[in-house]
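Student: Okay, here's the structure, questions in a sec.
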Amino acid sequence: MNYETRCPYCVRSLPECRAAAVCDLPAGYEQRTQSVPPVWVMSAGFSGHGKSTFWSDMAILLENLGEAVPGFLSNYMAHQPTQDFIKAARYRVRNHQQESATLNTRPEPLFFELNHLPIKAGSPAVTGRTLVIFDAAGELFTSAGGESEKLNFLPSVSTVWLLVSLKDLASGSEPVTISELFYSLQTTLQKLGTESGPSRFVVVFTKADLLSDSLPESVIKYLLDDPLQGLIRNSATVIRGFSVENYLKEAAKISADLEAFAVEQPGGRQFVNLLRRKGVDVSFCAVLTSGAPENEHGACRVLDPLFWTLLHAPKTEPELNRRFTLIVDNHEAGASSSLQSVMQTFRNVLSRRGRTSVYTLGNAVAGPVPGQSPHSAAAASCRPALIGPILERLSKEELVLVLTARQILDLPDFRNTEWRERMLVCSPVEFQDDPWPQTMRISSQQDCEIAVSRLIRPAVEAN
Amino acid sequence: MSARTPRIVHDRTRFPMVWSDAAQAFIGYFPVTKIQLEYFLCDRPGAAFDQRWYESLLKLNERIAPGRIQSDNFYKAFVTGISPVQAKQFAAWLGRESDETYTLLNQRQWYDVYEEFREYESPGIQSLLLPAQPPRVELLLQKIDSVCQKMKSPASLADAMLMQGGVFEWVEMDGDAWGGAGKPIAALNPGLISLSNRRPRQPGNTESATAFFGFRVIKREI
């Protein structure tokens with residue numbers, strides 16, 4: 001199942017949610033999202049860093065984008081909270097007011113159906129996306145994982161926008177660093193019992209006007225040259241042949257400049273290293289929002305995070321539907337150092353290609369303790385190398401990748417079953433006795449992509 | 001032998017158990033298999049049941065995949081070499097998170113059940129299968145049953161349950177002692193055994209003396 005075809009309220013599958021009939025989804029949401037697939041986005045950021053104002057500007061820009069980009073249409077689904085949000089945003093922008101802080105409750109999802117997107121790459125079948133937005137209150141993040149139950153949707157979110165006002169980070173009563181926001185997010189995911197979370201992060205430096213003395217000159221110029229700048233007051237000129245790809249070519253250079261800039265900030269290097277080590281895709285943006293009284297330029301580059309998200313959103317349904325299980329080995333003999341180094345890479349490669357869950361060999365109860373490396377989590381337990389009780393828990397759609405250097409004791413039980421085509425055993429050692437039909441020797445991280453492709457191919461052929 | 005339709009239930013590993021009037025309890029249809037034990041090992045078995053422990057068991061009586069079971073190797077499907085204390089831990093796990101109490105049979109129960117079940121015909125393995133049985137469990141049950149059929153046909157319920165022709169089964173004797181009930185398959189060199197004298201085999205003191213001592217579980221009805 002495509003994980004984003006869940007209900008944004010109860011996070012159950014849409015058919016299950018429909019049967020329960022308790023959630024207040026927009027009318028026709030299930031049908032509409034068949035042709036206009038959803039993309040779930042959550043904004044994460046500390047209190048007072050401008051998240052709500054940013055979303056407000058974005059909503060108005062989307063409302064007006066059709067003026068500059070012929071054919072584009074933003075439709076608010078028949079959803080009262082979204083319509084109320086739009087009305088409030090219009091009022092705020094018209095009266096140059098700053099947004100009040102987001103309520104410290106479970107974020108109300110907002111729905112924007114975007115049609116005729118100016119995106120040319122990817123599948124021609126997907127020209128529309130339903131943007132499902134969760135604007136989470138800053139307080140949910142300030143105490144690490146403390147309010148995790150209000151963020152139950154987080155494991156289903158594909159993209160997180162980290163909204164950071166560097167000036168406010170430094171000047172708060174208790175100064176924090178940029179990496180602490182990321183840690184808070186990780187802790188929340190762990191409390192929700194998952195390690196697999198968003199596969200893409202967009203780091204958005206808000207209140208760029210307060211950084212005029214430190215932002216690179218290239219970024220300032222880029223901000224002020226925004227061709228969509230007039231949209232907030234509905235005075236943009238029509239841009240013929242506008243494409244997100246072309247727009248983001250310039251934005252990509254700015255992203256690189258901003259990454260270099262981020263590294264120079266307190267905690268910045270650690271933050272960038274954390275993201276890279278997690279293997280998530282990351283882009284950097286800077287935005288000017290219309291709320292700041294000293295900002296005479298209006299909203300600038302506010303749509304960049306959205307463009308990054310849409311361009312990289314998964315394009316095809318089969319890709320979204322794929323489900324993987326990664327079974328790792330914690331035993332001292334099974335978890336050799338070469339396996340340790342590829343374990344995380346495997347997880348990242350699989351997560352990019354489908355929904356991935358993780359088990360430990362010999363443990364059908366749960367995956368590795370979130371946040372701990374699988375090796376440290378259970379090195380002491382030395383569970384027998386058994387896989388049957390895990391496989392029998394999985395659905396028939398699952399593709400399984402096993403990482404071990406041990407001979408799996410009960411693997412022969414499954415030799416003549418359908419698992420033969422759907423399970424690949426990867427190992428740094430050669431198995432002499434009765435090796436599994438699909439076994440691959442791995443020696444480096446480069447082998448991960450090859451292994452995953454090999455895992456997917458037989459399943460595709462079998463279908 | 002008379003025909004009857006016994007009451008069947010399944011334990012948490014989805015293996016069948018048969019009602020015994022003599023014991024007033026459900027009795028495991030077969031001695032506990034390695035696959036059953038492995039469900040326990042993959043749950044929360046405790047630190048003692050680790051890779052080294054299981055390897056030491058398999059050294060005494062190696063594991064066999066259900067698809068490869070034949071009349072000369074079927075006993076490898078059963079757990080043997082385990083101590084009565086460890087066997088009781090497994091039994092306790094079967095009843096964990098439920099109101100059910102599982103344990104091992106005692107000497108009197110075992111022979112009472114044997115005498116009861118040798119009077120009945122086997123109901124046939126098909127009647128013991130669950131609709132959603134894991135395929136390898138179904139295959140295992142069918143393979144062992146087919147071996148039984150070849151060895152003794154028509155088989156009594158006691159024969160079909162391998163109370164003879166299987167492995168020794170730990171039973172608690174008077175005075176806190178443990179012995180092996182049953183009459184194992186000749187390939188295991190059990191020596192001369194008469195089930196009618198109701199006396200379990202007392203294992204020797206060597207490390208390999210209990211290599212083919214397995215166990216069967218009993219579940220009391222609440």
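Letters A, B, ... go to the chains of the structure tokens in the order shown; residues in each chain start at 1; ligands are counted from 1 in the same order.
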Any idea what's packed within 12 Å of Ile8 of chain B, counting only C-alpha atoms, ignoring anything in its chain fewer than 5 positions away? Could you give it as a list of chain:residue names?
Tutor: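 The residues that qualify are B:Arg14, B:Phe15, B:Pro16, B:Met17, B:Val18, B:Trp19, B:Ser20, B:Ala25, B:Phe26, B:Ile27, B:Gly28, B:Tyr29, B:Pro123, B:Gly124, B:Ile125, B:Gln126, B:Ser127, B:Leu128, B:Leu129, B:Leu130, B:Lys219.
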Student: Starting from chain A, keep only residues with some atom at most 12 Å from an atom of chain B, counting only C-alpha atoms, and report them as a PDB file with C-alpha atoms, in the first residue's frame.
Tutor:
```pdb
ATOM      1  CA  ASN A 330      23.307  -8.411  15.638  1.00  0.00           C
ATOM      2  CA  HIS A 331      25.276 -11.461  16.550  1.00  0.00           C
ATOM      3  CA  GLU A 332      28.970 -10.830  16.926  1.00  0.00           C
ATOM      4  CA  ALA A 333      29.694 -13.369  14.194  1.00  0.00           C
ATOM      5  CA  GLY A 334      26.854 -12.174  11.980  1.00  0.00           C
ATOM      6  CA  TYR A 359      13.847  -6.736  11.974  1.00  0.00           C
ATOM      7  CA  THR A 360      16.732  -8.342  13.774  1.00  0.00           C
ATOM      8  CA  LEU A 361      17.598 -11.903  12.845  1.00  0.00           C
ATOM      9  CA  GLY A 362      16.215 -14.234  15.527  1.00  0.00           C
ATOM     10  CA  ASN A 363      13.770 -11.664  16.878  1.00  0.00           C
ATOM     11  CA  ALA A 364      10.197 -11.663  15.654  1.00  0.00           C
ATOM     12  CA  VAL A 365       9.077  -9.273  18.347  1.00  0.00           C
ATOM     13  CA  ALA A 366      10.447  -5.962  17.162  1.00  0.00           C
ATOM     14  CA  GLY A 367      13.070  -4.292  15.088  1.00  0.00           C
ATOM     15  CA  ALA A 378      21.333  -6.504  20.862  1.00  0.00           C
ATOM     16  CA  ALA A 379      24.933  -7.572  20.672  1.00  0.00           C
ATOM     17  CA  ALA A 380      24.580  -9.074  24.119  1.00  0.00           C
ATOM     18  CA  SER A 381      21.574 -11.227  23.305  1.00  0.00           C
ATOM     19  CA  CYS A 382      23.213 -13.426  20.588  1.00  0.00           C
ATOM     20  CA  ARG A 383      19.914 -14.738  19.377  1.00  0.00           C
ATOM     21  CA  PRO A 384      19.938 -17.876  17.254  1.00  0.00           C
ATOM     22  CA  ALA A 385      20.087 -17.220  13.514  1.00  0.00           C
ATOM     23  CA  LEU A 386      16.413 -17.931  12.802  1.00  0.00           C
ATOM     24  CA  ILE A 387      14.196 -16.262  10.254  1.00  0.00           C
ATOM     25  CA  GLY A 388      10.974 -18.315  10.006  1.00  0.00           C
ATOM     26  CA  PRO A 389       8.965 -16.565  12.721  1.00  0.00           C
ATOM     27  CA  ILE A 390       9.788 -13.232  11.068  1.00  0.00           C
ATOM     28  CA  LEU A 391       8.885 -14.313   7.540  1.00  0.00           C
ATOM     29  CA  GLU A 392       5.575 -15.723   8.732  1.00  0.00           C
ATOM     30  CA  ARG A 393       4.627 -12.278  10.024  1.00  0.00           C
ATOM     31  CA  LEU A 394       5.153 -10.576   6.683  1.00  0.00           C
ATOM     32  CA  ARG A 406      25.879 -16.463   9.714  1.00  0.00           C
ATOM     33  CA  GLN A 407      24.262 -19.527   8.225  1.00  0.00           C
ATOM     34  CA  ILE A 408      20.530 -19.134   8.900  1.00  0.00           C
ATOM     35  CA  LEU A 409      19.363 -22.313  10.579  1.00  0.00           C
ATOM     36  CA  ASP A 410      15.788 -22.507   9.313  1.00  0.00           C
ATOM     37  CA  LEU A 411      16.290 -21.028   5.858  1.00  0.00           C
ATOM     38  CA  PRO A 412      15.958 -24.456   4.145  1.00  0.00           C
ATOM     39  CA  ASP A 413      12.333 -24.554   5.374  1.00  0.00           C
ATOM     40  CA  PHE A 414      11.545 -21.855   2.816  1.00  0.00           C
ATOM     41  CA  ARG A 415      13.576 -23.109  -0.132  1.00  0.00           C
ATOM     42  CA  ASN A 416      10.580 -24.251  -2.149  1.00  0.00           C
ATOM     43  CA  THR A 417       8.256 -21.439  -1.233  1.00  0.00           C
ATOM     44  CA  GLU A 418       7.510 -18.099  -2.833  1.00  0.00           C
ATOM     45  CA  TRP A 419      10.192 -16.538  -0.638  1.00  0.00           C
ATOM     46  CA  ASP A 434      23.243 -25.295   1.028  1.00  0.00           C
TER      47      ASP A 434
END
```
Student: Need the shell around Glu398 of chain A: protein/DNA/RNA residues with any atom at most 8 Å away, counting only C-alpha atoms. Skip same-chain ones fewer than 5 positions apart. Format as a short mmCIF file (atom, residue, chain, number, x, y, z; two decimals) with C-alpha atoms, in the first residue's frame?
Tutor:
```cif
data_model
loop_
_atom_site.label_atom_id
_atom_site.label_comp_id
_atom_site.auth_asym_id
_atom_site.auth_seq_id
_atom_site.Cartn_x
_atom_site.Cartn_y
_atom_site.Cartn_z
CA ARG A 322 6.62 -1.44 -2.72
CA ARG A 323 7.23 -2.82 0.74
CA PHE A 324 10.58 -4.00 2.01
CA THR A 325 11.76 -5.76 5.10
CA ARG A 422 11.31 -12.47 -2.85
#
```
Student: Do you know which residues are at most 10 Å from Leu215 of chain A counting only C-alpha atoms, after dropping those on the same chain fewer than 2 positions away, and could you put them as a PyMOL selection string?
Tutor: chain A and resi 208-213+217-220+257-258+261-262+286
Student: Quick one: DSSP strand (DSSP E) residues in segment 7-177 of chain B, as a CSV table (one decimal) with N, CA and C atoms, in the first residue's frame?
Tutor:
```csv
chain,number,residue,atom,x,y,z
B,8,ILE,N,-10.1,-31.0,19.4
B,8,ILE,CA,-8.8,-30.5,18.9
B,8,ILE,C,-8.7,-29.0,19.3
B,9,VAL,N,-7.6,-28.6,19.8
B,9,VAL,CA,-7.3,-27.2,19.9
B,9,VAL,C,-5.9,-27.0,19.4
B,10,HIS,N,-5.5,-25.8,19.3
B,10,HIS,CA,-4.1,-25.5,18.8
B,10,HIS,C,-3.4,-24.6,19.8
B,16,PRO,N,-1.4,-28.8,16.8
B,16,PRO,CA,-2.6,-29.4,17.4
B,16,PRO,C,-2.4,-30.1,18.7
B,17,MET,N,-3.5,-30.1,19.5
B,17,MET,CA,-3.5,-30.8,20.8
B,17,MET,C,-4.8,-31.5,20.8
B,18,VAL,N,-4.8,-32.7,21.5
B,18,VAL,CA,-6.0,-33.6,21.5
B,18,VAL,C,-6.5,-33.7,22.9
B,19,TRP,N,-7.8,-33.8,23.1
B,19,TRP,CA,-8.4,-33.9,24.4
B,19,TRP,C,-8.2,-35.4,24.9
B,20,SER,N,-7.8,-35.5,26.2
B,20,SER,CA,-7.7,-36.8,26.8
B,20,SER,C,-8.6,-36.8,28.0
B,25,ALA,N,-7.3,-33.2,30.1
B,25,ALA,CA,-6.5,-32.1,29.6
B,25,ALA,C,-6.2,-32.3,28.1
B,26,PHE,N,-5.7,-31.2,27.5
B,26,PHE,CA,-5.3,-31.4,26.1
B,26,PHE,C,-3.9,-31.8,26.0
B,27,ILE,N,-3.5,-32.7,25.1
B,27,ILE,CA,-2.2,-33.3,25.0
B,27,ILE,C,-1.6,-32.9,23.6
B,28,GLY,N,-0.4,-32.5,23.6
B,28,GLY,CA,0.3,-32.1,22.3
B,28,GLY,C,0.2,-33.4,21.4
B,101,THR,N,-2.7,-22.9,31.1
B,101,THR,CA,-1.5,-23.4,31.8
B,101,THR,C,-1.0,-24.6,31.1
B,102,TYR,N,0.3,-24.5,30.6
B,102,TYR,CA,0.9,-25.6,29.9
B,102,TYR,C,2.1,-26.1,30.8
B,103,THR,N,2.2,-27.4,30.8
B,103,THR,CA,3.4,-28.0,31.4
B,103,THR,C,3.7,-29.3,30.8
B,104,LEU,N,4.6,-30.1,31.4
B,104,LEU,CA,4.9,-31.4,30.8
B,104,LEU,C,4.1,-32.4,31.5
B,168,PHE,N,12.2,-40.4,23.2
B,168,PHE,CA,11.9,-40.4,24.7
B,168,PHE,C,11.2,-39.1,25.0
B,169,GLU,N,10.3,-39.1,26.0
B,169,GLU,CA,9.6,-37.8,26.4
B,169,GLU,C,9.8,-37.7,27.9
B,170,TRP,N,10.3,-36.5,28.2
B,170,TRP,CA,10.5,-36.2,29.6
B,170,TRP,C,9.2,-36.2,30.4
B,171,VAL,N,9.1,-37.0,31.5
B,171,VAL,CA,7.9,-37.0,32.4
B,171,VAL,C,8.4,-36.8,33.8
B,172,GLU,N,7.7,-36.2,34.6
B,172,GLU,CA,8.1,-36.0,36.0
B,172,GLU,C,7.6,-37.2,36.8
```
Student: Apply DSSP to the backbone of this structure and, from segment 124-155 of chain B, keep only the residues in alpha helix (DSSP H); write these as a CSV table (one decimal) with N, CA and C atoms, in the first residue's frame.
Tutor:
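What landed in selection-v3.csv:
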```csv
chain,number,residue,atom,x,y,z
B,135,PRO,N,2.5,-22.5,5.9
B,135,PRO,CA,2.8,-23.7,5.0
B,135,PRO,C,3.8,-24.7,5.5
B,136,ARG,N,4.9,-24.2,6.2
B,136,ARG,CA,5.9,-25.2,6.6
B,136,ARG,C,5.4,-26.0,7.8
B,137,VAL,N,4.5,-25.4,8.6
B,137,VAL,CA,4.0,-26.2,9.7
B,137,VAL,C,3.0,-27.3,9.2
B,138,GLU,N,2.2,-26.9,8.2
B,138,GLU,CA,1.3,-27.9,7.6
B,138,GLU,C,2.1,-29.0,6.9
B,139,LEU,N,3.2,-28.6,6.2
B,139,LEU,CA,4.0,-29.6,5.5
B,139,LEU,C,4.7,-30.5,6.6
B,140,LEU,N,5.1,-30.0,7.6
B,140,LEU,CA,5.8,-30.8,8.7
B,140,LEU,C,4.8,-31.8,9.3
B,141,LEU,N,3.6,-31.3,9.6
B,141,LEU,CA,2.6,-32.2,10.2
B,141,LEU,C,2.2,-33.3,9.2
B,142,GLN,N,2.1,-33.0,7.9
B,142,GLN,CA,1.7,-34.0,6.9
B,142,GLN,C,2.8,-35.0,6.7
B,143,LYS,N,4.1,-34.5,6.7
B,143,LYS,CA,5.2,-35.4,6.5
B,143,LYS,C,5.4,-36.4,7.6
B,144,ILE,N,5.3,-35.9,8.9
B,144,ILE,CA,5.4,-36.8,10.0
B,144,ILE,C,4.3,-37.8,10.0
B,145,ASP,N,3.1,-37.3,9.7
B,145,ASP,CA,1.9,-38.2,9.7
B,145,ASP,C,2.1,-39.3,8.6
B,146,SER,N,2.7,-38.9,7.5
B,146,SER,CA,2.8,-39.9,6.4
B,146,SER,C,3.9,-40.9,6.8
B,147,VAL,N,4.9,-40.5,7.6
B,147,VAL,CA,5.9,-41.5,8.1
B,147,VAL,C,5.2,-42.4,9.0
B,148,CYS,N,4.3,-41.9,9.9
B,148,CYS,CA,3.6,-42.8,10.8
B,148,CYS,C,2.8,-43.8,10.1
B,149,GLN,N,2.1,-43.3,9.1
B,149,GLN,CA,1.2,-44.2,8.3
B,149,GLN,C,2.0,-45.4,7.7
B,150,LYS,N,3.2,-45.0,7.2
B,150,LYS,CA,4.1,-46.1,6.6
B,150,LYS,C,4.5,-47.1,7.7
B,151,MET,N,4.8,-46.6,8.9
B,151,MET,CA,5.4,-47.4,9.9
B,151,MET,C,4.3,-48.4,10.4
```
Student: Write out as a ChimeraX atom specification the residues lying within 7 Å of segment 71-87 of chain B, counting only C-alpha atoms and excluding same-chain residues fewer than 2 positions away.
Tutor: /B:31-34,57,60-64,69,89-91,144,147,166-167,170,210-214
Student: Rounded to one decimal place, report the atom CA of Ser427 of chain A-atom CA of Thr439 of chain A distance in Å.
Tutor: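 These two atoms are separated by 7.6 Å.
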Student: So which residues touch segment 231-248 of chain A within 10 Å, counting only C-alpha atoms, skipping near sequence neighbours fewer than 4 positions away, as a PyMOL selection string?
Tutor: chain A and resi 57-70+90+93-94+117-121+226-227+252-255+289-290+298-300+302+304+306-308+310-311
Student: At a cut-off of 8 Å, using only C-alpha atoms, what residues contact segment 197-206 of chain A? Leave out same-chain residues fewer than 5 positions from it and give the result as number ranges by chain.
Tutor: A: 49-50, 54, 154-166, 189, 280-289, 305, 308-309, 351-352
Student: What does the distance from atom CA of Trp178 of chain B to atom CA of Gln202 of chain B come to in Å, to one decimal?
Tutor: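 These two atoms are separated by 7.3 Å.
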